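Structure first, commentary second.
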Amino acid sequence: MVKMTGAKAIVEALKRQKVKHIFGIPGGATLDLYDVLYSSGLRIILARHEQGAAHMADGYARISGVPGVCTATSGPGGTNLVTGIATAYMDSSPIIALTGQVNSQAVNSSYVIGRDAFQEADIIGITTPITKHNFQVKKACDIPSVLKEAFYIASTGRPGPVVIDLPKNTQKESAEMDFSSPIKIRGYNPTYNPHPVQVRRAVELLCKAERPIMLAGGGVISSNASHEAVKLAESILMPVTTTLMGKGVIPENHSLALGLLGMHGSIEANKLIHEADVLLNVGARFSDRTTGTLDDFCPDAKIIHIDIDTAEIGKNFKVDLPIVADAKSALKEISKQVTQKMIRKETSVWFDRIQQFKEQYKDLLIKEGGLKPPKLMVELRKLVPNNTIVSTGVGQNQMWAALYFKAIEPRTFITSGGLGTMGFGLPAALGAKVARPDVPVINIDGDGSFRMTEQELATSLLEDIPVIVIILNNSMLGMVAQWQRLFYGRRYASSELKDSPDFVKLAEAYGVNGIRVGSVKEFIKAVKKGLSNDVTTVIDVPISPEEDVWPMVPAGAGLRDVIWTSKEKKRG
Amino acid sequence: MTNNQTYILSFIVENKPGVLYQISNMFRRRSFNIESLTVGPTENEDFARMTITVKGNENTIEQLTKQTNKLMDVIKVTILDKKNTVMREIALIKIFTADSKTRSEVIQYVDVFRGHIVDVSLDSLIVEMTGDSNKINAFIDLSRPFGIKELARTGITALTRGRRVIKK
Ligand SMILES: Cc1ncc(C[n+]2csc(CCOP(=O)(O)OP(=O)(O)O)c2C)c(N)n1
Ligand SMILES: [Mg+2]
């Protein structure tokens, strides 16, 4: 037991969790916390909007695998975090959000919680449906155990965001603090090891399968199980397709990599999954964007579903063989038994078919001439090392990056998959760069998305966090416009952004580099310049406002009905 | 699948503020409809028991159980087997009694149903009726012709019969 103020205890607890960075904006209800942070040795990174702070913590978490920490003051500070928290929640990313709160007990006859004091917002009520758990600290002496539990909850089982609401008086008060009390949460016991019977059944199915496919989701990345996934796939020549969140599980230049599945998935993946006789879903949740209409999803396949969250089993899709476990331990065990049971396949009819498909559609949509996003993504891949981290905005830019920038390593591609949050790209890139200062970080963004959190350029400059921002600038809310073009008779209701602002001047106004490119050659030159710059570089890439993202599975269609030109109405 | 089977769920939860909100919010967010809900402390003051009746089918109830089980403050969720469960509900019914004839008629019904008269005024009675929901519904139907002035029902609370207990 040691006596100290609540604010000191928060920082002490953060240090015990090995936290080194905290992203946020201070305010009245966090003055005490910030005062301690000021001389704590932790790096405090001042964001320019709390949404940015939350995305930074999220980007940091997705890259490092450990919780990212953000903070905001009470009221509007907390509510500004909400989009970032919801983004992390939908993508199962572990962040800890520390929010200030008005006094919980009257101090000098001031107002207390529940009486609509200045900057009071019910952040617990607001964040309950978008957090894995949240805490409101009632007494200063609870701070050590609350923080310990929060980090434990955020980072174990299916990871997710945790909010800790800190009334001002609990930061100010002194109390005897016990940092060694054990964690006890009676209602929380995540399962890690797979049930042996289920594993045996999965092994049998996989060994007998003639046309197996693995669908790898974000769960494989967050349990660091990419190696195990690829090993299993190789041993039975099982092709691997991924969700947006699973991008990077298998090197996308691997002969078994099918690319993305779903609405904007690859032709190969969308067509071949229909033929599968066994589908091994690891850590993906059968989301609507991934499966297309469920009536036509894998009609002939036995479905194995590995997930650490029981509630995901059978939520969207009925499966034949559920395995509730951590992806890594399940894949390890399955892999081990598969190798015992059968000799490693060197060839198969299925494998040949996969290769033939891959050959057939390879480069089909990568057109030369002009500034075409697919081509730019391919060029970008050639320019940057394999460990380069890419973040994205939301919309066409996101889909072009996901489809055409091949990820080679896990945890190198981060995007707002579940919530689809425009504005994620730049702050997430900054968080990623803080986690991995040694590798290049590139935000591939849209002109609309970028503007939602563009002010974090100031953070990037003043906190010395250099990244590259590539704006695929179609002067449009492009994805909205694409739907309007295809399904709403080209009526561009509120989707034209026009050429405003001038992104080069904007970058310069923030004190970072701005470059506009007019050809692929200039693009390559600009990226090279960006890689060698020690401040952030914004590359404005004007592209056609009429560009569509292909392939596409129209809403309500099955995956095999994927189309890849606007003329093609029927399946190809 | 049809959605109209009634399920009775027993939740053992941490006995602290905010838990009811978490659970009811989860029901709302995932579009499950609460038919009735009762809460109170258990034999151990650290825990509360919530008995919630919902309409649904096997799939929706399974989802509901799993989603609520994920909440940190929920220790255990059990779907009660109705055949093996004691279920009780209390209703307080204020019945209009225009004259002494109707009054004695009502009193007779109350006797048959083994209810209690807990309050009497010039032109009305309050009846306390305990039992399973069918019995209470039957009594309410019977009382309607007299005129029900006010009605309050607690919702079902329930325990599994015999030696079995829900482990915490
Ligand atoms: C915060 C937020 N608001 C609105 C949307 C809806 N939306 C999805 S894509 C899109 C257009 C994005 O425009 P831009 O960032 O320029 O990307 P583009 O599609 O043009 O590449 C919009 C408005 C969203 N996903 N997120
Ligand atoms: Mg755009």
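Here's how to read the names in the structure tokens: chain A, B, ... by the order shown, residue numbers from 1 in each chain, ligand numbers from 1 in the order shown.
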Grab me every residue within 10 Å of ligand 2, counting only C-alpha atoms and all ligand atoms, and send it over as number ranges by chain. A: 393-397, 445-450, 471-481, 495-498, 542-545
Mind writing the picked residues with N, CA, C and O atoms as a CSV table (one decimal), in the first residue's frame?
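Saved the output as selection_20.csv:
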chain,number,residue,atom,x,y,z
A,393,GLY,N,-8.5,5.3,-45.8
A,393,GLY,CA,-9.8,6.0,-45.5
A,393,GLY,C,-10.9,5.0,-45.8
A,393,GLY,O,-10.7,3.8,-45.7
A,394,VAL,N,-12.1,5.5,-46.1
A,394,VAL,CA,-13.2,4.6,-46.4
A,394,VAL,C,-13.8,5.0,-47.7
A,394,VAL,O,-13.8,6.2,-48.1
A,395,GLY,N,-14.2,4.0,-48.5
A,395,GLY,CA,-14.8,4.3,-49.8
A,395,GLY,C,-14.0,3.6,-50.8
A,395,GLY,O,-13.4,2.5,-50.6
A,396,GLN,N,-13.9,4.2,-52.0
A,396,GLN,CA,-13.2,3.6,-53.1
A,396,GLN,C,-11.7,3.4,-52.8
A,396,GLN,O,-11.1,2.4,-53.1
A,397,ASN,N,-11.1,4.5,-52.2
A,397,ASN,CA,-9.7,4.5,-51.9
A,397,ASN,C,-9.4,3.2,-51.1
A,397,ASN,O,-8.4,2.5,-51.3
A,445,ASP,N,-5.7,7.4,-48.9
A,445,ASP,CA,-6.9,8.1,-48.4
A,445,ASP,C,-7.8,8.6,-49.5
A,445,ASP,O,-7.3,8.6,-50.7
A,446,GLY,N,-9.0,9.0,-49.2
A,446,GLY,CA,-9.8,9.6,-50.2
A,446,GLY,C,-9.9,11.1,-49.8
A,446,GLY,O,-9.6,11.5,-48.7
A,447,ASP,N,-10.3,11.9,-50.8
A,447,ASP,CA,-10.3,13.4,-50.5
A,447,ASP,C,-11.4,13.7,-49.4
A,447,ASP,O,-11.2,14.6,-48.6
A,448,GLY,N,-12.5,12.9,-49.4
A,448,GLY,CA,-13.5,13.1,-48.4
A,448,GLY,C,-13.1,12.6,-47.1
A,448,GLY,O,-13.2,13.4,-46.1
A,449,SER,N,-12.6,11.4,-47.0
A,449,SER,CA,-12.2,10.8,-45.7
A,449,SER,C,-11.1,11.7,-45.1
A,449,SER,O,-11.1,11.9,-43.9
A,450,PHE,N,-10.1,12.1,-45.9
A,450,PHE,CA,-9.0,12.8,-45.4
A,450,PHE,C,-9.4,14.1,-44.6
A,450,PHE,O,-8.9,14.4,-43.6
A,471,ILE,N,-3.5,10.9,-51.4
A,471,ILE,CA,-4.9,11.1,-51.5
A,471,ILE,C,-5.3,10.8,-53.0
A,471,ILE,O,-4.9,11.4,-53.9
A,472,LEU,N,-6.1,9.7,-53.1
A,472,LEU,CA,-6.7,9.3,-54.4
A,472,LEU,C,-7.9,10.3,-54.6
A,472,LEU,O,-9.0,10.0,-54.2
A,473,ASN,N,-7.5,11.4,-55.2
A,473,ASN,CA,-8.4,12.6,-55.2
A,473,ASN,C,-9.3,12.6,-56.5
A,473,ASN,O,-9.0,13.0,-57.5
A,474,ASN,N,-10.5,12.0,-56.3
A,474,ASN,CA,-11.5,12.0,-57.4
A,474,ASN,C,-12.5,13.2,-57.3
A,474,ASN,O,-13.5,13.2,-58.0
A,475,SER,N,-12.2,14.1,-56.4
A,475,SER,CA,-13.1,15.3,-56.1
A,475,SER,C,-14.5,14.8,-55.9
A,475,SER,O,-15.5,15.5,-56.1
A,476,MET,N,-14.6,13.6,-55.3
A,476,MET,CA,-16.0,13.0,-55.1
A,476,MET,C,-16.0,12.3,-53.8
A,476,MET,O,-15.0,11.8,-53.3
A,477,LEU,N,-17.2,12.1,-53.2
A,477,LEU,CA,-17.4,11.1,-52.3
A,477,LEU,C,-17.6,9.9,-53.2
A,477,LEU,O,-18.7,9.5,-53.5
A,478,GLY,N,-16.5,9.3,-53.6
A,478,GLY,CA,-16.5,8.4,-54.7
A,478,GLY,C,-17.3,7.2,-54.6
A,478,GLY,O,-18.0,6.8,-55.5
A,479,MET,N,-17.3,6.5,-53.4
A,479,MET,CA,-18.1,5.3,-53.3
A,479,MET,C,-19.6,5.6,-53.4
A,479,MET,O,-20.3,4.8,-53.9
A,480,VAL,N,-20.0,6.7,-52.8
A,480,VAL,CA,-21.4,7.1,-52.9
A,480,VAL,C,-21.7,7.4,-54.3
A,480,VAL,O,-22.7,6.9,-54.8
A,481,ALA,N,-20.8,8.1,-55.0
A,481,ALA,CA,-21.0,8.4,-56.4
A,481,ALA,C,-21.1,7.1,-57.3
A,481,ALA,O,-21.9,7.1,-58.2
A,495,SER,N,-22.7,14.3,-53.6
A,495,SER,CA,-21.5,13.5,-53.6
A,495,SER,C,-20.3,14.2,-54.3
A,495,SER,O,-19.2,13.6,-54.4
A,496,GLU,N,-20.5,15.4,-54.8
A,496,GLU,CA,-19.4,16.1,-55.5
A,496,GLU,C,-18.7,17.0,-54.6
A,496,GLU,O,-19.3,18.0,-54.1
A,497,LEU,N,-17.4,16.7,-54.4
A,497,LEU,CA,-16.7,17.6,-53.5
A,497,LEU,C,-16.0,18.7,-54.2
A,497,LEU,O,-15.5,19.7,-53.6
A,498,LYS,N,-15.9,18.6,-55.5
A,498,LYS,CA,-15.2,19.5,-56.4
A,498,LYS,C,-13.7,19.7,-56.0
A,498,LYS,O,-13.3,18.9,-55.1
A,542,PRO,N,-4.7,13.5,-58.5
A,542,PRO,CA,-6.0,13.7,-59.1
A,542,PRO,C,-6.3,12.6,-60.0
A,542,PRO,O,-5.5,12.2,-60.9
A,543,ILE,N,-7.5,11.9,-59.8
A,543,ILE,CA,-7.9,10.8,-60.6
A,543,ILE,C,-9.3,11.2,-61.2
A,543,ILE,O,-9.9,12.1,-60.7
A,544,SER,N,-9.8,10.4,-62.1
A,544,SER,CA,-11.1,10.7,-62.7
A,544,SER,C,-12.2,10.6,-61.7
A,544,SER,O,-12.3,9.6,-60.9
A,545,PRO,N,-13.1,11.5,-61.7
A,545,PRO,CA,-14.3,11.5,-60.8
A,545,PRO,C,-15.2,10.3,-61.2
A,545,PRO,O,-16.1,10.0,-60.4
Define the interface residues of chain B facing chain A as those within 9 Å, counting only C-alpha atoms, and report them as a short mmCIF file (atom, residue, chain, number, x, y, z; two decimals) with all heavy atoms, in the first residue's frame.
data_model
loop_
_atom_site.label_atom_id
_atom_site.label_comp_id
_atom_site.auth_asym_id
_atom_site.auth_seq_id
_atom_site.Cartn_x
_atom_site.Cartn_y
_atom_site.Cartn_z
N VAL B 13 -26.28 -12.15 -11.62
CA VAL B 13 -25.45 -11.00 -12.00
C VAL B 13 -24.81 -10.37 -10.77
O VAL B 13 -25.23 -10.63 -9.63
CB VAL B 13 -26.29 -9.93 -12.74
CG1 VAL B 13 -26.95 -10.51 -13.97
CG2 VAL B 13 -27.34 -9.31 -11.82
N GLU B 14 -23.79 -9.56 -11.01
CA GLU B 14 -23.20 -8.79 -9.92
C GLU B 14 -24.28 -7.85 -9.38
O GLU B 14 -24.99 -7.20 -10.15
CB GLU B 14 -22.02 -7.94 -10.42
CG GLU B 14 -20.85 -8.74 -10.96
CD GLU B 14 -19.95 -9.33 -9.88
OE1 GLU B 14 -20.13 -8.98 -8.69
OE2 GLU B 14 -19.08 -10.15 -10.23
N GLY B 18 -26.03 -0.27 -12.47
CA GLY B 18 -25.63 -0.26 -13.86
C GLY B 18 -25.82 -1.58 -14.58
O GLY B 18 -25.83 -1.63 -15.79
N TYR B 21 -29.04 -1.82 -16.56
CA TYR B 21 -28.91 -1.03 -17.79
C TYR B 21 -28.15 -1.82 -18.86
O TYR B 21 -28.56 -1.87 -20.01
CB TYR B 21 -28.20 0.29 -17.49
CG TYR B 21 -27.84 1.08 -18.73
CD1 TYR B 21 -28.83 1.66 -19.52
CD2 TYR B 21 -26.52 1.21 -19.13
CE1 TYR B 21 -28.50 2.37 -20.66
CE2 TYR B 21 -26.18 1.91 -20.29
CZ TYR B 21 -27.18 2.49 -21.03
OH TYR B 21 -26.85 3.18 -22.17
N GLN B 22 -27.06 -2.44 -18.45
CA GLN B 22 -26.27 -3.20 -19.43
C GLN B 22 -27.11 -4.29 -20.09
O GLN B 22 -27.05 -4.49 -21.30
CB GLN B 22 -25.07 -3.87 -18.76
CG GLN B 22 -23.97 -2.93 -18.36
CD GLN B 22 -22.90 -3.68 -17.56
OE1 GLN B 22 -22.65 -4.85 -17.77
NE2 GLN B 22 -22.28 -2.98 -16.63
N ASN B 25 -30.08 -2.83 -22.14
CA ASN B 25 -29.53 -2.18 -23.33
C ASN B 25 -29.14 -3.22 -24.38
O ASN B 25 -29.34 -3.03 -25.57
CB ASN B 25 -28.30 -1.35 -22.92
CG ASN B 25 -28.00 -0.27 -23.94
OD1 ASN B 25 -28.89 0.29 -24.55
ND2 ASN B 25 -26.73 0.00 -24.12
N MET B 26 -28.59 -4.33 -23.92
CA MET B 26 -28.23 -5.42 -24.83
C MET B 26 -29.49 -5.98 -25.52
O MET B 26 -29.50 -6.23 -26.72
CB MET B 26 -27.50 -6.51 -24.05
CG MET B 26 -27.22 -7.76 -24.84
SD MET B 26 -26.05 -7.49 -26.17
CE MET B 26 -24.51 -7.44 -25.26
N ARG B 29 -30.59 -3.36 -28.06
CA ARG B 29 -29.68 -3.22 -29.18
C ARG B 29 -29.78 -4.36 -30.16
O ARG B 29 -29.65 -4.19 -31.36
CB ARG B 29 -28.26 -3.15 -28.62
CG ARG B 29 -27.17 -3.18 -29.66
CD ARG B 29 -25.94 -2.52 -29.11
NE ARG B 29 -25.12 -3.44 -28.34
CZ ARG B 29 -24.12 -4.13 -28.87
NH1 ARG B 29 -23.88 -4.04 -30.16
NH2 ARG B 29 -23.38 -4.90 -28.12
N ASN B 59 -33.00 -20.20 -31.93
CA ASN B 59 -31.84 -19.43 -32.38
C ASN B 59 -31.69 -18.10 -31.68
O ASN B 59 -30.61 -17.74 -31.22
CB ASN B 59 -31.94 -19.15 -33.89
CG ASN B 59 -31.64 -20.38 -34.70
OD1 ASN B 59 -31.27 -21.42 -34.14
ND2 ASN B 59 -31.82 -20.28 -36.00
N THR B 60 -32.80 -17.36 -31.62
CA THR B 60 -32.69 -16.04 -31.02
C THR B 60 -32.35 -16.15 -29.54
O THR B 60 -31.57 -15.37 -29.02
CB THR B 60 -33.98 -15.21 -31.19
OG1 THR B 60 -35.07 -15.96 -30.64
CG2 THR B 60 -34.27 -14.89 -32.62
N GLU B 62 -30.65 -18.52 -28.13
CA GLU B 62 -29.25 -18.91 -27.99
C GLU B 62 -28.35 -17.68 -28.15
O GLU B 62 -27.42 -17.46 -27.37
CB GLU B 62 -28.90 -19.96 -29.04
CG GLU B 62 -27.49 -20.49 -28.87
CD GLU B 62 -27.06 -21.41 -30.00
OE1 GLU B 62 -27.91 -22.18 -30.50
OE2 GLU B 62 -25.89 -21.35 -30.38
N GLN B 63 -28.64 -16.85 -29.15
CA GLN B 63 -27.88 -15.61 -29.35
C GLN B 63 -27.96 -14.72 -28.13
O GLN B 63 -26.97 -14.18 -27.66
CB GLN B 63 -28.46 -14.85 -30.55
CG GLN B 63 -27.59 -14.86 -31.79
CD GLN B 63 -26.20 -14.33 -31.55
OE1 GLN B 63 -26.01 -13.16 -31.23
NE2 GLN B 63 -25.20 -15.17 -31.68
N LEU B 64 -29.18 -14.58 -27.64
CA LEU B 64 -29.41 -13.71 -26.50
C LEU B 64 -28.60 -14.18 -25.29
O LEU B 64 -27.96 -13.39 -24.59
CB LEU B 64 -30.91 -13.77 -26.19
CG LEU B 64 -31.38 -13.11 -24.92
CD1 LEU B 64 -31.18 -11.63 -25.04
CD2 LEU B 64 -32.84 -13.41 -24.69
N THR B 65 -28.61 -15.48 -25.06
CA THR B 65 -27.88 -16.04 -23.93
C THR B 65 -26.39 -15.78 -24.10
O THR B 65 -25.71 -15.35 -23.17
CB THR B 65 -28.11 -17.56 -23.87
OG1 THR B 65 -29.47 -17.81 -24.15
CG2 THR B 65 -27.77 -18.12 -22.54
N LYS B 66 -25.89 -16.01 -25.30
CA LYS B 66 -24.46 -15.82 -25.53
C LYS B 66 -24.07 -14.35 -25.42
O LYS B 66 -23.03 -14.02 -24.84
CB LYS B 66 -24.09 -16.32 -26.92
CG LYS B 66 -24.05 -17.84 -27.03
CD LYS B 66 -23.86 -18.22 -28.48
CE LYS B 66 -23.48 -19.66 -28.67
NZ LYS B 66 -23.40 -19.96 -30.13
N GLN B 67 -24.87 -13.49 -26.01
CA GLN B 67 -24.52 -12.06 -25.97
C GLN B 67 -24.54 -11.52 -24.55
O GLN B 67 -23.69 -10.73 -24.16
CB GLN B 67 -25.46 -11.23 -26.86
CG GLN B 67 -25.34 -11.52 -28.36
CD GLN B 67 -24.01 -11.08 -28.96
OE1 GLN B 67 -23.17 -10.48 -28.30
NE2 GLN B 67 -23.81 -11.40 -30.23
N ASN B 69 -24.18 -13.29 -21.83
CA ASN B 69 -23.11 -13.95 -21.09
C ASN B 69 -21.78 -13.25 -21.26
O ASN B 69 -20.90 -13.35 -20.41
CB ASN B 69 -22.97 -15.40 -21.56
CG ASN B 69 -23.19 -16.37 -20.43
OD1 ASN B 69 -22.85 -16.08 -19.28
ND2 ASN B 69 -23.77 -17.51 -20.73
N LYS B 70 -21.63 -12.53 -22.39
CA LYS B 70 -20.37 -11.82 -22.62
C LYS B 70 -20.19 -10.62 -21.70
O LYS B 70 -19.10 -10.13 -21.53
CB LYS B 70 -20.33 -11.32 -24.07
CG LYS B 70 -19.85 -12.39 -25.01
CD LYS B 70 -19.60 -12.02 -26.45
CE LYS B 70 -19.76 -10.70 -27.02
NZ LYS B 70 -19.54 -10.67 -28.48
N LEU B 71 -21.28 -10.13 -21.14
CA LEU B 71 -21.17 -8.97 -20.25
C LEU B 71 -20.39 -9.37 -19.00
O LEU B 71 -20.65 -10.42 -18.40
CB LEU B 71 -22.56 -8.45 -19.88
CG LEU B 71 -23.42 -8.00 -21.08
CD1 LEU B 71 -24.85 -7.74 -20.64
CD2 LEU B 71 -22.81 -6.77 -21.73
N MET B 72 -19.45 -8.53 -18.62
CA MET B 72 -18.58 -8.85 -17.49
C MET B 72 -19.37 -9.08 -16.20
O MET B 72 -18.99 -9.86 -15.36
CB MET B 72 -17.58 -7.71 -17.22
CG MET B 72 -16.70 -7.36 -18.38
SD MET B 72 -15.62 -8.70 -18.84
CE MET B 72 -15.60 -8.46 -20.61
N ASP B 73 -20.45 -8.34 -16.04
CA ASP B 73 -21.18 -8.40 -14.78
C ASP B 73 -22.24 -9.50 -14.75
O ASP B 73 -22.94 -9.66 -13.76
CB ASP B 73 -21.82 -7.04 -14.48
CG ASP B 73 -20.74 -6.00 -14.18
OD1 ASP B 73 -19.66 -6.39 -13.68
OD2 ASP B 73 -20.96 -4.80 -14.45
N VAL B 74 -22.35 -10.22 -15.84
CA VAL B 74 -23.26 -11.37 -15.84
C VAL B 74 -22.46 -12.61 -15.51
O VAL B 74 -21.49 -12.94 -16.20
CB VAL B 74 -23.93 -11.53 -17.23
CG1 VAL B 74 -24.73 -12.82 -17.29
CG2 VAL B 74 -24.83 -10.34 -17.50
N ILE B 75 -22.84 -13.28 -14.42
CA ILE B 75 -22.08 -14.45 -14.00
C ILE B 75 -22.58 -15.69 -14.73
O ILE B 75 -21.81 -16.53 -15.15
CB ILE B 75 -22.24 -14.69 -12.48
CG1 ILE B 75 -22.11 -13.39 -11.71
CG2 ILE B 75 -21.28 -15.76 -11.98
CD1 ILE B 75 -20.75 -12.87 -11.49
N LYS B 76 -23.90 -15.79 -14.86
CA LYS B 76 -24.44 -17.01 -15.44
C LYS B 76 -25.83 -16.76 -15.99
O LYS B 76 -26.64 -16.09 -15.37
CB LYS B 76 -24.50 -18.08 -14.33
CG LYS B 76 -25.05 -19.39 -14.80
CD LYS B 76 -24.06 -20.49 -14.56
CE LYS B 76 -24.56 -21.73 -15.22
NZ LYS B 76 -23.66 -22.84 -15.10
N LYS B 168 -22.73 -20.37 -9.00
CA LYS B 168 -22.27 -19.01 -9.29
C LYS B 168 -20.77 -19.01 -9.55
O LYS B 168 -20.07 -19.80 -9.06
CB LYS B 168 -22.60 -18.09 -8.13
CG LYS B 168 -24.03 -17.61 -8.21
CD LYS B 168 -24.70 -17.53 -6.85
CE LYS B 168 -26.11 -18.05 -6.99
NZ LYS B 168 -26.63 -18.58 -5.77
#
Neighbours of stretch 147-157 of chain B within 7 Å (only C-alpha atoms; same-chain residues fewer than 2 positions away dropped), as a compact mmCIF listing (two decimals) with N, CA, C and O atoms, in the first residue's frame?
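Dumped everything to result.txt:
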# COMPACT_ATOMS: atom_id res chain seq x y z
N SER B 36 -41.29 -9.64 -19.48
CA SER B 36 -41.35 -9.23 -18.09
C SER B 36 -39.99 -9.42 -17.46
O SER B 36 -39.15 -10.16 -17.97
N LEU B 37 -39.76 -8.72 -16.37
CA LEU B 37 -38.45 -8.75 -15.75
C LEU B 37 -38.60 -8.54 -14.24
O LEU B 37 -39.32 -7.64 -13.82
N THR B 38 -37.98 -9.40 -13.47
CA THR B 38 -37.96 -9.17 -12.03
C THR B 38 -36.52 -9.23 -11.55
O THR B 38 -35.70 -9.96 -12.11
N THR B 51 -35.01 -12.48 -13.38
CA THR B 51 -35.77 -13.46 -14.13
C THR B 51 -36.44 -12.70 -15.27
O THR B 51 -37.18 -11.75 -15.03
N MET B 87 -42.75 -21.29 -11.04
CA MET B 87 -42.86 -19.93 -11.55
C MET B 87 -43.99 -19.22 -10.83
O MET B 87 -45.07 -19.79 -10.67
N ARG B 88 -43.74 -18.05 -10.38
CA ARG B 88 -44.79 -17.30 -9.68
C ARG B 88 -44.80 -15.85 -10.11
O ARG B 88 -43.78 -15.27 -10.44
N GLU B 89 -46.01 -15.32 -10.04
CA GLU B 89 -46.18 -13.92 -10.36
C GLU B 89 -47.23 -13.38 -9.40
O GLU B 89 -48.12 -14.14 -8.98
N ILE B 90 -47.13 -12.13 -9.04
CA ILE B 90 -48.18 -11.52 -8.21
C ILE B 90 -48.88 -10.45 -9.03
O ILE B 90 -48.23 -9.70 -9.74
N ALA B 91 -50.20 -10.43 -8.90
CA ALA B 91 -50.95 -9.34 -9.50
C ALA B 91 -51.78 -8.65 -8.42
O ALA B 91 -52.30 -9.32 -7.52
N LEU B 92 -51.84 -7.34 -8.47
CA LEU B 92 -52.77 -6.59 -7.62
C LEU B 92 -53.82 -6.02 -8.56
O LEU B 92 -53.48 -5.36 -9.55
N ILE B 93 -55.09 -6.32 -8.24
CA ILE B 93 -56.16 -5.93 -9.16
C ILE B 93 -57.22 -5.15 -8.40
O ILE B 93 -57.78 -5.65 -7.41
N LYS B 94 -57.42 -3.92 -8.82
CA LYS B 94 -58.47 -3.11 -8.18
C LYS B 94 -59.74 -3.25 -9.01
O LYS B 94 -59.79 -2.83 -10.17
N ILE B 95 -60.75 -3.91 -8.37
CA ILE B 95 -61.97 -4.24 -9.12
C ILE B 95 -63.14 -3.38 -8.65
O ILE B 95 -63.34 -3.18 -7.45
N PHE B 96 -63.86 -2.89 -9.61
CA PHE B 96 -65.03 -2.05 -9.34
C PHE B 96 -66.17 -2.93 -8.80
O PHE B 96 -66.51 -3.97 -9.38
N SER B 143 -62.56 -11.12 -14.03
CA SER B 143 -62.88 -9.86 -13.34
C SER B 143 -63.28 -8.75 -14.30
O SER B 143 -63.88 -7.76 -13.89
N ARG B 144 -62.91 -8.90 -15.54
CA ARG B 144 -63.14 -7.81 -16.49
C ARG B 144 -64.59 -7.31 -16.54
O ARG B 144 -64.81 -6.10 -16.51
N PRO B 145 -65.57 -8.24 -16.60
CA PRO B 145 -66.96 -7.77 -16.68
C PRO B 145 -67.35 -6.83 -15.53
O PRO B 145 -68.17 -5.93 -15.71
So which bits of stretch 174-259 of chain A end up strand (DSSP E) when you DSSP the backbone, as number ranges by chain? A: 174-177, 212-216, 240-242, 257-259
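Excluding stretch 365-382 of chain A itself and same-chain residues fewer than 6 positions from it, the residues having an atom within 9 Å of it are Asn397, Trp400, Ala401, Leu403, Tyr404, Phe405, Lys406, Ala407, Leu472, Gly518, Ser519, Val520, Phe523, Ile524, Val527, Val541, Pro542, Ile543, Ser544, Glu547, Val549, Trp550, Pro551 and Trp564 of chain A, counting only C-alpha atoms.
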Could you pull the residues within 9 Å of B:Thr97, counting only C-alpha atoms, minus those fewer than 5 positions along the same chain, as a ChimeraX atom specification? /B:102-104,106,122-125,146-147
Based on the selection just made, write N, CA and C atoms of those residues as a PDB file, in the first residue's frame.
ATOM      1  N   THR B 102     -72.397  -7.564  -6.391  1.00  0.00           N
ATOM      2  CA  THR B 102     -71.166  -7.823  -7.140  1.00  0.00           C
ATOM      3  C   THR B 102     -70.010  -8.045  -6.186  1.00  0.00           C
ATOM      4  N   ARG B 103     -70.021  -7.303  -5.098  1.00  0.00           N
ATOM      5  CA  ARG B 103     -68.933  -7.467  -4.148  1.00  0.00           C
ATOM      6  C   ARG B 103     -68.844  -8.918  -3.677  1.00  0.00           C
ATOM      7  N   SER B 104     -69.964  -9.492  -3.288  1.00  0.00           N
ATOM      8  CA  SER B 104     -69.883 -10.867  -2.775  1.00  0.00           C
ATOM      9  C   SER B 104     -69.546 -11.848  -3.888  1.00  0.00           C
ATOM     10  N   VAL B 106     -67.502 -11.191  -6.392  1.00  0.00           N
ATOM     11  CA  VAL B 106     -66.043 -11.101  -6.553  1.00  0.00           C
ATOM     12  C   VAL B 106     -65.347 -11.881  -5.452  1.00  0.00           C
ATOM     13  N   LEU B 122     -65.376   1.879  -0.628  1.00  0.00           N
ATOM     14  CA  LEU B 122     -66.822   1.882  -0.844  1.00  0.00           C
ATOM     15  C   LEU B 122     -67.240   1.152  -2.115  1.00  0.00           C
ATOM     16  N   ASP B 123     -66.528   1.430  -3.203  1.00  0.00           N
ATOM     17  CA  ASP B 123     -66.967   0.821  -4.453  1.00  0.00           C
ATOM     18  C   ASP B 123     -65.871   0.017  -5.152  1.00  0.00           C
ATOM     19  N   SER B 124     -64.862  -0.404  -4.375  1.00  0.00           N
ATOM     20  CA  SER B 124     -63.860  -1.263  -5.017  1.00  0.00           C
ATOM     21  C   SER B 124     -63.118  -2.128  -4.006  1.00  0.00           C
ATOM     22  N   LEU B 125     -62.436  -3.130  -4.572  1.00  0.00           N
ATOM     23  CA  LEU B 125     -61.618  -4.046  -3.765  1.00  0.00           C
ATOM     24  C   LEU B 125     -60.258  -4.158  -4.424  1.00  0.00           C
ATOM     25  N   PHE B 146     -66.729  -7.003 -14.366  1.00  0.00           N
ATOM     26  CA  PHE B 146     -67.057  -6.099 -13.237  1.00  0.00           C
ATOM     27  C   PHE B 146     -66.469  -4.720 -13.472  1.00  0.00           C
ATOM     28  N   GLY B 147     -65.354  -4.693 -14.148  1.00  0.00           N
ATOM     29  CA  GLY B 147     -64.641  -3.432 -14.351  1.00  0.00           C
ATOM     30  C   GLY B 147     -63.359  -3.416 -13.540  1.00  0.00           C
TER      31      GLY B 147
END
